[in-house]
$ cat work.csv   # CSV, C-alpha atoms and all ligand atoms
chain,number,residue,atom,x,y,z
Q,1,MET,CA,4.3,18.6,-6.6
Q,2,THR,CA,3.8,17.6,-3.0
Q,3,ALA,CA,6.0,14.8,-1.8
Q,4,VAL,CA,3.8,12.2,-0.1
Q,5,VAL,CA,6.8,9.9,0.6
Q,6,SER,CA,10.3,11.2,1.2
Q,7,LEU,CA,13.1,8.9,2.3
Q,8,SER,CA,16.5,10.4,2.8
Q,9,GLY,CA,19.6,8.3,3.4
Q,10,VAL,CA,17.5,5.6,5.0
Q,11,SER,CA,19.0,2.3,6.2
Q,12,LYS,CA,17.5,-0.5,8.2
Q,13,GLU,CA,19.6,-3.0,10.0
Q,14,TYR,CA,17.9,-6.0,11.6
Q,15,PRO,CA,19.1,-7.5,14.8
Q,16,GLY,CA,21.8,-10.0,13.8
Q,17,GLY,CA,23.4,-7.6,11.4
Q,18,VAL,CA,21.4,-8.0,8.2
Q,19,ILE,CA,21.3,-4.6,6.4
Q,20,ALA,CA,18.0,-4.9,4.6
Q,21,VAL,CA,17.8,-1.4,3.3
Q,22,ARG,CA,21.0,0.6,2.6
Q,23,ASP,CA,21.1,4.4,2.2
Q,24,VAL,CA,18.0,4.7,0.2
Q,25,SER,CA,16.7,8.1,-0.9
Q,26,LEU,CA,13.4,8.2,-2.7
Q,27,THR,CA,10.7,10.8,-3.3
Q,28,VAL,CA,7.2,10.0,-4.4
Q,29,SER,CA,4.8,12.8,-5.4
Q,30,ALA,CA,1.1,12.9,-4.9
Q,31,GLY,CA,-0.8,10.9,-7.5
Q,32,GLU,CA,2.2,8.7,-8.6
Q,33,PHE,CA,1.8,5.0,-9.3
Q,34,VAL,CA,5.1,3.3,-8.6
Q,35,ALA,CA,6.2,-0.3,-9.0
Q,36,ILE,CA,8.9,-1.6,-6.7
Q,37,VAL,CA,10.8,-4.5,-8.2
Q,38,GLY,CA,13.8,-6.6,-7.4
Q,39,PRO,CA,14.8,-10.2,-6.5
Q,40,SER,CA,13.6,-11.9,-3.3
Q,41,GLY,CA,15.5,-10.6,-0.3
Q,42,SER,CA,16.5,-7.3,-2.0
Q,43,GLY,CA,14.7,-5.2,0.7
Q,44,LYS,CA,11.4,-4.4,-1.0
Q,45,SER,CA,9.1,-5.3,1.9
Q,46,THR,CA,11.4,-3.7,4.4
Q,47,MET,CA,11.3,-0.5,2.5
Q,48,LEU,CA,7.5,-0.7,2.2
Q,49,HIS,CA,7.3,-1.3,6.0
Q,50,LEU,CA,9.4,1.8,6.6
Q,51,ILE,CA,7.2,3.9,4.3
Q,52,GLY,CA,4.1,2.5,6.0
Q,53,THR,CA,5.6,3.5,9.4
Q,54,LEU,CA,5.3,-0.1,10.6
Q,55,ASP,CA,9.0,0.0,11.3
Q,56,ARG,CA,11.5,2.8,12.1
Q,57,PRO,CA,14.7,3.2,10.2
Q,58,SER,CA,18.1,2.6,11.8
Q,59,SER,CA,19.3,5.8,10.2
Q,60,GLY,CA,18.1,8.4,7.8
Q,61,THR,CA,14.8,10.2,7.7
Q,62,VAL,CA,11.3,9.1,6.6
Q,63,SER,CA,8.7,11.7,5.9
Q,64,ILE,CA,5.1,10.7,5.1
Q,65,ASP,CA,2.5,13.2,4.0
Q,66,GLY,CA,4.7,16.0,5.3
Q,67,HIS,CA,5.4,14.4,8.7
Q,68,GLU,CA,8.8,13.3,9.8
Q,69,VAL,CA,8.2,10.0,11.3
Q,70,ALA,CA,11.0,10.1,13.9
Q,71,ARG,CA,9.5,13.3,15.4
Q,72,LEU,CA,6.1,11.7,16.1
Q,73,ARG,CA,5.0,10.2,19.4
Q,74,ASP,CA,3.6,6.6,19.2
Q,75,ARG,CA,0.1,7.9,19.3
Q,76,GLN,CA,0.6,10.4,16.6
Q,77,LEU,CA,2.3,7.8,14.5
Q,78,ALA,CA,-0.6,5.4,15.0
Q,79,ALA,CA,-3.0,8.2,13.9
Q,80,LEU,CA,-0.9,9.0,10.8
Q,81,ARG,CA,-0.9,5.3,9.9
Q,82,ALA,CA,-4.6,4.8,10.5
Q,83,ARG,CA,-5.7,7.9,8.6
Q,84,ARG,CA,-3.2,8.5,5.9
Q,85,ILE,CA,-1.9,5.1,4.9
Q,86,GLY,CA,-3.8,2.1,3.4
Q,87,PHE,CA,-2.2,-1.4,3.2
Q,88,VAL,CA,-2.9,-4.3,1.0
Q,89,PHE,CA,-1.0,-7.6,1.4
Q,90,GLN,CA,-0.6,-10.8,-0.6
Q,91,GLN,CA,-2.5,-12.8,2.0
Q,92,PHE,CA,-5.6,-10.4,2.1
Q,93,HIS,CA,-5.7,-10.4,6.0
Q,94,LEU,CA,-9.5,-10.3,6.2
Q,95,ALA,CA,-11.2,-11.0,9.5
Q,96,VAL,CA,-12.7,-14.5,9.1
Q,97,GLY,CA,-16.4,-14.9,10.1
Q,98,GLN,CA,-17.0,-11.2,9.3
Q,99,PRO,CA,-19.0,-10.1,6.2
Q,100,ALA,CA,-17.2,-8.1,3.6
Q,101,LEU,CA,-19.1,-4.9,4.7
Q,102,ASP,CA,-17.8,-5.2,8.3
Q,103,ASN,CA,-14.3,-6.0,7.1
Q,104,VAL,CA,-14.3,-2.8,5.1
Q,105,ALA,CA,-16.1,-0.7,7.8
Q,106,ASP,CA,-13.4,-1.7,10.3
Q,107,GLY,CA,-11.0,0.3,8.2
Q,108,LEU,CA,-12.7,3.4,9.6
Q,109,LEU,CA,-12.6,2.4,13.3
Q,110,TYR,CA,-10.0,5.0,14.2
Q,111,THR,CA,-11.8,7.9,12.5
Q,112,GLY,CA,-14.5,8.5,15.1
Q,113,ALA,CA,-17.2,8.0,12.5
Q,114,SER,CA,-20.4,6.4,13.8
Q,115,ARG,CA,-21.2,2.8,13.1
Q,116,ALA,CA,-23.9,3.8,10.6
Q,117,GLU,CA,-21.5,6.2,8.8
Q,118,ARG,CA,-18.8,3.5,8.7
Q,119,ARG,CA,-21.1,1.0,7.1
Q,120,ARG,CA,-22.4,3.5,4.6
Q,121,ARG,CA,-18.9,4.4,3.5
Q,122,ALA,CA,-17.9,0.8,3.5
Q,123,GLU,CA,-20.8,0.0,1.1
Q,124,ASP,CA,-19.7,2.9,-1.2
Q,125,ALA,CA,-16.2,1.5,-1.2
Q,126,LEU,CA,-17.4,-2.0,-2.0
Q,127,VAL,CA,-19.5,-0.7,-4.8
Q,128,ARG,CA,-16.5,1.1,-6.1
Q,129,VAL,CA,-14.4,-2.1,-6.3
Q,130,GLY,CA,-17.3,-3.9,-8.1
Q,131,LEU,CA,-18.6,-5.9,-5.1
Q,132,ALA,CA,-22.1,-4.3,-4.7
Q,133,ASP,CA,-23.6,-7.8,-4.7
Q,134,ARG,CA,-21.2,-9.3,-2.2
Q,135,LEU,CA,-21.7,-7.1,0.9
Q,136,ASP,CA,-22.9,-9.8,3.2
Q,137,HIS,CA,-20.5,-12.6,1.9
Q,138,LEU,CA,-18.0,-14.0,4.4
Q,139,PRO,CA,-14.4,-14.2,3.3
Q,140,HIS,CA,-14.6,-17.9,2.7
Q,141,GLU,CA,-17.5,-17.3,0.3
Q,142,LEU,CA,-15.4,-15.1,-1.9
Q,143,SER,CA,-12.9,-15.9,-4.6
Q,144,GLY,CA,-9.3,-14.9,-4.2
Q,145,GLY,CA,-9.7,-11.9,-6.5
Q,146,GLU,CA,-12.9,-10.8,-4.6
Q,147,LYS,CA,-11.1,-11.1,-1.3
Q,148,GLN,CA,-8.3,-8.8,-2.6
Q,149,ARG,CA,-11.0,-6.4,-3.8
Q,150,VAL,CA,-12.5,-6.3,-0.3
Q,151,ALA,CA,-9.0,-5.7,1.1
Q,152,ILE,CA,-8.4,-2.9,-1.3
Q,153,ALA,CA,-11.8,-1.4,-0.4
Q,154,ARG,CA,-10.8,-1.6,3.3
Q,155,ALA,CA,-7.5,0.1,2.5
Q,156,VAL,CA,-9.0,3.0,0.6
Q,157,VAL,CA,-12.3,3.5,2.5
Q,158,GLY,CA,-10.7,6.2,4.7
Q,159,GLU,CA,-9.3,8.0,1.6
Q,160,PRO,CA,-5.6,7.6,2.6
Q,161,ALA,CA,-2.9,9.8,1.1
Q,162,ILE,CA,-1.0,6.7,0.0
Q,163,LEU,CA,-1.8,3.0,-0.8
Q,164,LEU,CA,0.9,0.5,-0.2
Q,165,ALA,CA,0.5,-2.9,-1.7
Q,166,ASP,CA,2.9,-5.8,-1.1
Q,167,GLU,CA,2.5,-8.4,-3.9
Q,168,PRO,CA,-1.3,-7.9,-4.2
Q,169,THR,CA,-1.6,-10.3,-7.1
Q,170,GLY,CA,0.9,-12.9,-5.7
Q,171,ASN,CA,-1.9,-15.3,-4.6
Q,172,LEU,CA,-4.2,-14.7,-7.6
Q,173,ASP,CA,-4.6,-16.4,-11.0
Q,174,SER,CA,-3.7,-14.2,-13.9
Q,175,THR,CA,-7.2,-13.1,-14.7
Q,176,SER,CA,-8.0,-12.1,-11.1
Q,177,GLY,CA,-4.6,-10.5,-10.9
Q,178,ALA,CA,-5.3,-8.4,-14.0
Q,179,GLY,CA,-8.6,-7.3,-12.4
Q,180,VAL,CA,-6.9,-6.2,-9.2
Q,181,MET,CA,-4.3,-4.2,-11.2
Q,182,GLN,CA,-7.1,-2.6,-13.3
Q,183,LEU,CA,-8.7,-1.6,-10.0
Q,184,LEU,CA,-5.5,-0.1,-8.7
Q,185,GLY,CA,-5.2,1.7,-12.0
Q,186,GLU,CA,-8.7,3.2,-11.6
Q,187,LEU,CA,-7.8,4.4,-8.0
Q,188,HIS,CA,-4.6,5.9,-9.5
Q,189,HIS,CA,-6.6,7.8,-12.1
Q,190,ALA,CA,-8.9,9.0,-9.3
Q,191,GLY,CA,-5.8,10.5,-7.6
Q,192,THR,CA,-4.6,7.9,-5.1
Q,193,THR,CA,-0.8,7.7,-4.7
Q,194,ILE,CA,0.1,4.0,-5.0
Q,195,LEU,CA,3.3,2.0,-4.4
Q,196,VAL,CA,3.1,-1.6,-5.3
Q,197,ILE,CA,5.7,-4.4,-4.9
Q,198,THR,CA,5.5,-6.9,-7.7
Q,199,HIS,CA,7.5,-9.8,-9.0
Q,200,ASP,CA,5.5,-9.7,-12.3
Q,201,ARG,CA,7.6,-7.9,-14.9
Q,202,GLN,CA,4.6,-7.3,-17.2
Q,203,ILE,CA,2.8,-5.6,-14.3
Q,204,ALA,CA,5.8,-3.5,-13.5
Q,205,ALA,CA,6.4,-2.5,-17.1
Q,206,SER,CA,2.8,-1.3,-17.3
Q,207,LEU,CA,3.2,1.3,-14.6
Q,208,PRO,CA,4.6,4.8,-15.1
Q,209,ARG,CA,7.5,4.4,-12.7
Q,210,GLN,CA,9.6,1.5,-11.7
Q,211,VAL,CA,12.0,1.5,-8.7
Q,212,ALA,CA,14.4,-1.5,-8.8
Q,213,MET,CA,16.1,-2.7,-5.7
Q,214,ARG,CA,19.1,-5.0,-5.2
Q,215,ASP,CA,20.9,-5.9,-2.0
Q,216,GLY,CA,19.0,-3.2,-0.1
Q,217,GLU,CA,19.8,-0.4,-2.5
Q,218,VAL,CA,17.8,1.4,-5.2
Q,219,VAL,CA,19.7,0.4,-8.4
Q,220,SER,CA,17.4,2.1,-10.9
Q,221,ASP,CA,14.4,4.5,-10.9
Q,222,ASP,CA,12.7,4.7,-14.3
Q,223,ASP,CA,10.2,7.5,-14.2
Q,224,VAL,CA,8.5,7.5,-17.6
Q,225,ALA,CA,5.7,9.9,-16.5
Q,226,GLY,CA,8.2,12.2,-14.8
Q,227,ALA,CA,10.4,12.2,-17.9
Q,228,LEU,CA,7.4,13.0,-20.2
Q,229,ALA,CA,6.3,15.8,-17.9
Q,230,ALA,CA,9.8,17.3,-17.9
Q,231,GLY,CA,9.6,17.5,-21.7
Q,232,PRO,CA,12.3,16.7,-24.3
Q,233,ARG,CA,15.9,16.7,-23.1
Q,301,LIG,P1,12.1,-8.6,-0.2
Q,301,LIG,O1,10.8,-8.0,0.1
Q,301,LIG,O2,12.8,-7.9,-1.4
Q,301,LIG,O3,12.0,-10.1,-0.5
Q,301,LIG,P2,12.9,-8.2,2.5
Q,301,LIG,O4,12.7,-6.7,2.8
Q,301,LIG,O5,11.8,-9.1,3.0
Q,301,LIG,O6,13.1,-8.4,1.0
Q,301,LIG,O7,14.2,-8.7,3.2
Q,301,LIG,C1,15.5,-8.1,3.0
Q,301,LIG,C2,16.5,-8.8,3.8
Q,301,LIG,O8,16.3,-8.6,5.2
Q,301,LIG,C3,16.6,-10.3,3.6
Q,301,LIG,O9,17.9,-10.7,3.6
Q,301,LIG,C4,15.8,-10.8,4.8
Q,301,LIG,O10,16.3,-12.1,5.1
Q,301,LIG,C5,16.1,-9.8,5.9
Q,301,LIG,N1,15.0,-9.7,6.8
Q,301,LIG,C6,13.7,-9.3,6.5
Q,301,LIG,N2,13.0,-9.3,7.7
Q,301,LIG,C7,13.8,-9.5,8.7
Q,301,LIG,C8,13.7,-9.6,10.1
Q,301,LIG,N3,12.5,-9.3,10.7
Q,301,LIG,N4,14.8,-9.9,10.9
Q,301,LIG,C9,16.0,-10.2,10.3
Q,301,LIG,N5,16.2,-10.1,9.0
Q,301,LIG,C10,15.2,-9.8,8.2
$ encode --input "work.csv" --output "structure tokens" --more "lines below"
Ligand code: ADP
Amino acid sequence: MTAVVSLSGVSKEYPGGVIAVRDVSLTVSAGEFVAIVGPSGSGKSTMLHLIGTLDRPSSGTVSIDGHEVARLRDRQLAALRARRIGFVFQQFHLAVGQPALDNVADGLLYTGASRAERRRRAEDALVRVGLADRLDHLPHELSGGEKQRVAIARAVVGEPAILLADEPTGNLDSTSGAGVMQLLGELHHAGTTILVITHDRQIAASLPRQVAMRDGEVVSDDDVAGALAAGPR
């Protein structure tokens, strides 16, 4: 299967000497749905930032969708990020004062699509996340769960190769959180590759693969789907 994410011997040392990620090697294939778990401070967000090309490693190689990040110029990296990677954060990060439709359409700003085309595709994405009747609502007129659905619609409207989610249910009540996880499950079934950081053991246990981190290292990698695909041992 095609590797969408490939980390090889990746470390990240922050100024001041904190080694947040230590010699991590990880491969994620197209279509996987992976939970990243571990105590606070274990390097989960740093690793997600490296995968999302928001940060560069101190050593090792990061390849995303077949591109080795270190070999790309800033402009190429920005294009890779805009076109191939979708982000969802705990804090939603929606533009205040902008209706849901425009928030999602902005996810296509770098694609060169016309405004009409961006809005048409944004509407499709909002319908897909169950918000057909909330297109014109401003973020403050939406519930937490709905805000996160808008953020997910914005992240996937450009059909990225990979969706990265950092504690997407962290600010939600359990019902809204379950709804958001169900939505991610639907996107996974439709073929999207998803990596999600979660503190919630139940959520992690429900996903086919769990990568556990501690002190910057990957300490376990339970790939139930992969083990099943490989057949009996
Ligand atoms: P997690 O997501 O598992 O909570 P992080 O990746 O946020 O862990 O942090 C890993 C370690 O790196 C922690 O010790 C944290 O304090 C440190 N760290 C994170 N971001 C920075 C930064 N920008 N500068 C310095 N240290 C950082």
$ residues_near_ligand --input "work.csv" --ligand "ligand LIG 301 (chain Q)" --cutoff "12 Å" --atoms "all atoms listed in the file" --output "PyMOL selection string"
chain Q and resi 11-22+36-50+54-55+89-90+165-167+196-199+211-218
$ write_last_selection --input "work.csv" --atoms "C-alpha atoms" --output "short mmCIF file (atom, residue, chain, number, x, y, z; two decimals), keeping the file's coordinate frame"
data_model
loop_
_atom_site.label_atom_id
_atom_site.label_comp_id
_atom_site.auth_asym_id
_atom_site.auth_seq_id
_atom_site.Cartn_x
_atom_site.Cartn_y
_atom_site.Cartn_z
CA SER Q 11 19.00 2.30 6.20
CA LYS Q 12 17.50 -0.50 8.20
CA GLU Q 13 19.60 -3.00 10.00
CA TYR Q 14 17.90 -6.00 11.60
CA PRO Q 15 19.10 -7.50 14.80
CA GLY Q 16 21.80 -10.00 13.80
CA GLY Q 17 23.40 -7.60 11.40
CA VAL Q 18 21.40 -8.00 8.20
CA ILE Q 19 21.30 -4.60 6.40
CA ALA Q 20 18.00 -4.90 4.60
CA VAL Q 21 17.80 -1.40 3.30
CA ARG Q 22 21.00 0.60 2.60
CA ILE Q 36 8.90 -1.60 -6.70
CA VAL Q 37 10.80 -4.50 -8.20
CA GLY Q 38 13.80 -6.60 -7.40
CA PRO Q 39 14.80 -10.20 -6.50
CA SER Q 40 13.60 -11.90 -3.30
CA GLY Q 41 15.50 -10.60 -0.30
CA SER Q 42 16.50 -7.30 -2.00
CA GLY Q 43 14.70 -5.20 0.70
CA LYS Q 44 11.40 -4.40 -1.00
CA SER Q 45 9.10 -5.30 1.90
CA THR Q 46 11.40 -3.70 4.40
CA MET Q 47 11.30 -0.50 2.50
CA LEU Q 48 7.50 -0.70 2.20
CA HIS Q 49 7.30 -1.30 6.00
CA LEU Q 50 9.40 1.80 6.60
CA LEU Q 54 5.30 -0.10 10.60
CA ASP Q 55 9.00 0.00 11.30
CA PHE Q 89 -1.00 -7.60 1.40
CA GLN Q 90 -0.60 -10.80 -0.60
CA ALA Q 165 0.50 -2.90 -1.70
CA ASP Q 166 2.90 -5.80 -1.10
CA GLU Q 167 2.50 -8.40 -3.90
CA VAL Q 196 3.10 -1.60 -5.30
CA ILE Q 197 5.70 -4.40 -4.90
CA THR Q 198 5.50 -6.90 -7.70
CA HIS Q 199 7.50 -9.80 -9.00
CA VAL Q 211 12.00 1.50 -8.70
CA ALA Q 212 14.40 -1.50 -8.80
CA MET Q 213 16.10 -2.70 -5.70
CA ARG Q 214 19.10 -5.00 -5.20
CA ASP Q 215 20.90 -5.90 -2.00
CA GLY Q 216 19.00 -3.20 -0.10
CA GLU Q 217 19.80 -0.40 -2.50
CA VAL Q 218 17.80 1.40 -5.20
#
$ residues_near_point --input "work.csv" --point "(15.0, 11.6, 2.0)" --cutoff "7 Å" --atoms "only C-alpha atoms" --output "compact mmCIF listing (two decimals) with C-alpha atoms, in the coordinates of the input"
# COMPACT_ATOMS: atom_id res chain seq x y z
CA SER Q 6 10.30 11.20 1.20
CA LEU Q 7 13.10 8.90 2.30
CA SER Q 8 16.50 10.40 2.80
CA GLY Q 9 19.60 8.30 3.40
CA SER Q 25 16.70 8.10 -0.90
CA LEU Q 26 13.40 8.20 -2.70
CA THR Q 27 10.70 10.80 -3.30
CA THR Q 61 14.80 10.20 7.70
CA VAL Q 62 11.30 9.10 6.60
$ closest_residue --input "work.csv" --among "Q:Val10, Q:Leu172, Q:Ile203, Q:Ala132" --to "Ala100 (chain Q)" --atoms "all atoms listed in the file"
Q:Ala132
$ closest_residue --input "work.csv" --among "Q:Val69, Q:Thr175, Q:Ala153, Q:Asp222" --to "Arg128 (chain Q)" --atoms "all atoms listed in the file"
Q:Ala153
$ atom_distance --input "work.csv" --atom1 "CA of Gly177 (chain Q)" --atom2 "CA of Gly144 (chain Q)"
9.3 Å
$ closest_residue --input "work.csv" --among "Q:Ala35, Q:Val4, Q:Asp23, Q:Tyr110" --to "Asp221 (chain Q)" --atoms "all atoms listed in the file"
Q:Ala35
$ atom_distance --input "work.csv" --atom1 "CA of Leu126 (chain Q)" --atom2 "CA of Thr53 (chain Q)"
26.3 Å
$ atom_distance --input "work.csv" --atom1 "CA of Asp133 (chain Q)" --atom2 "CA of Gln98 (chain Q)"
15.8 Å
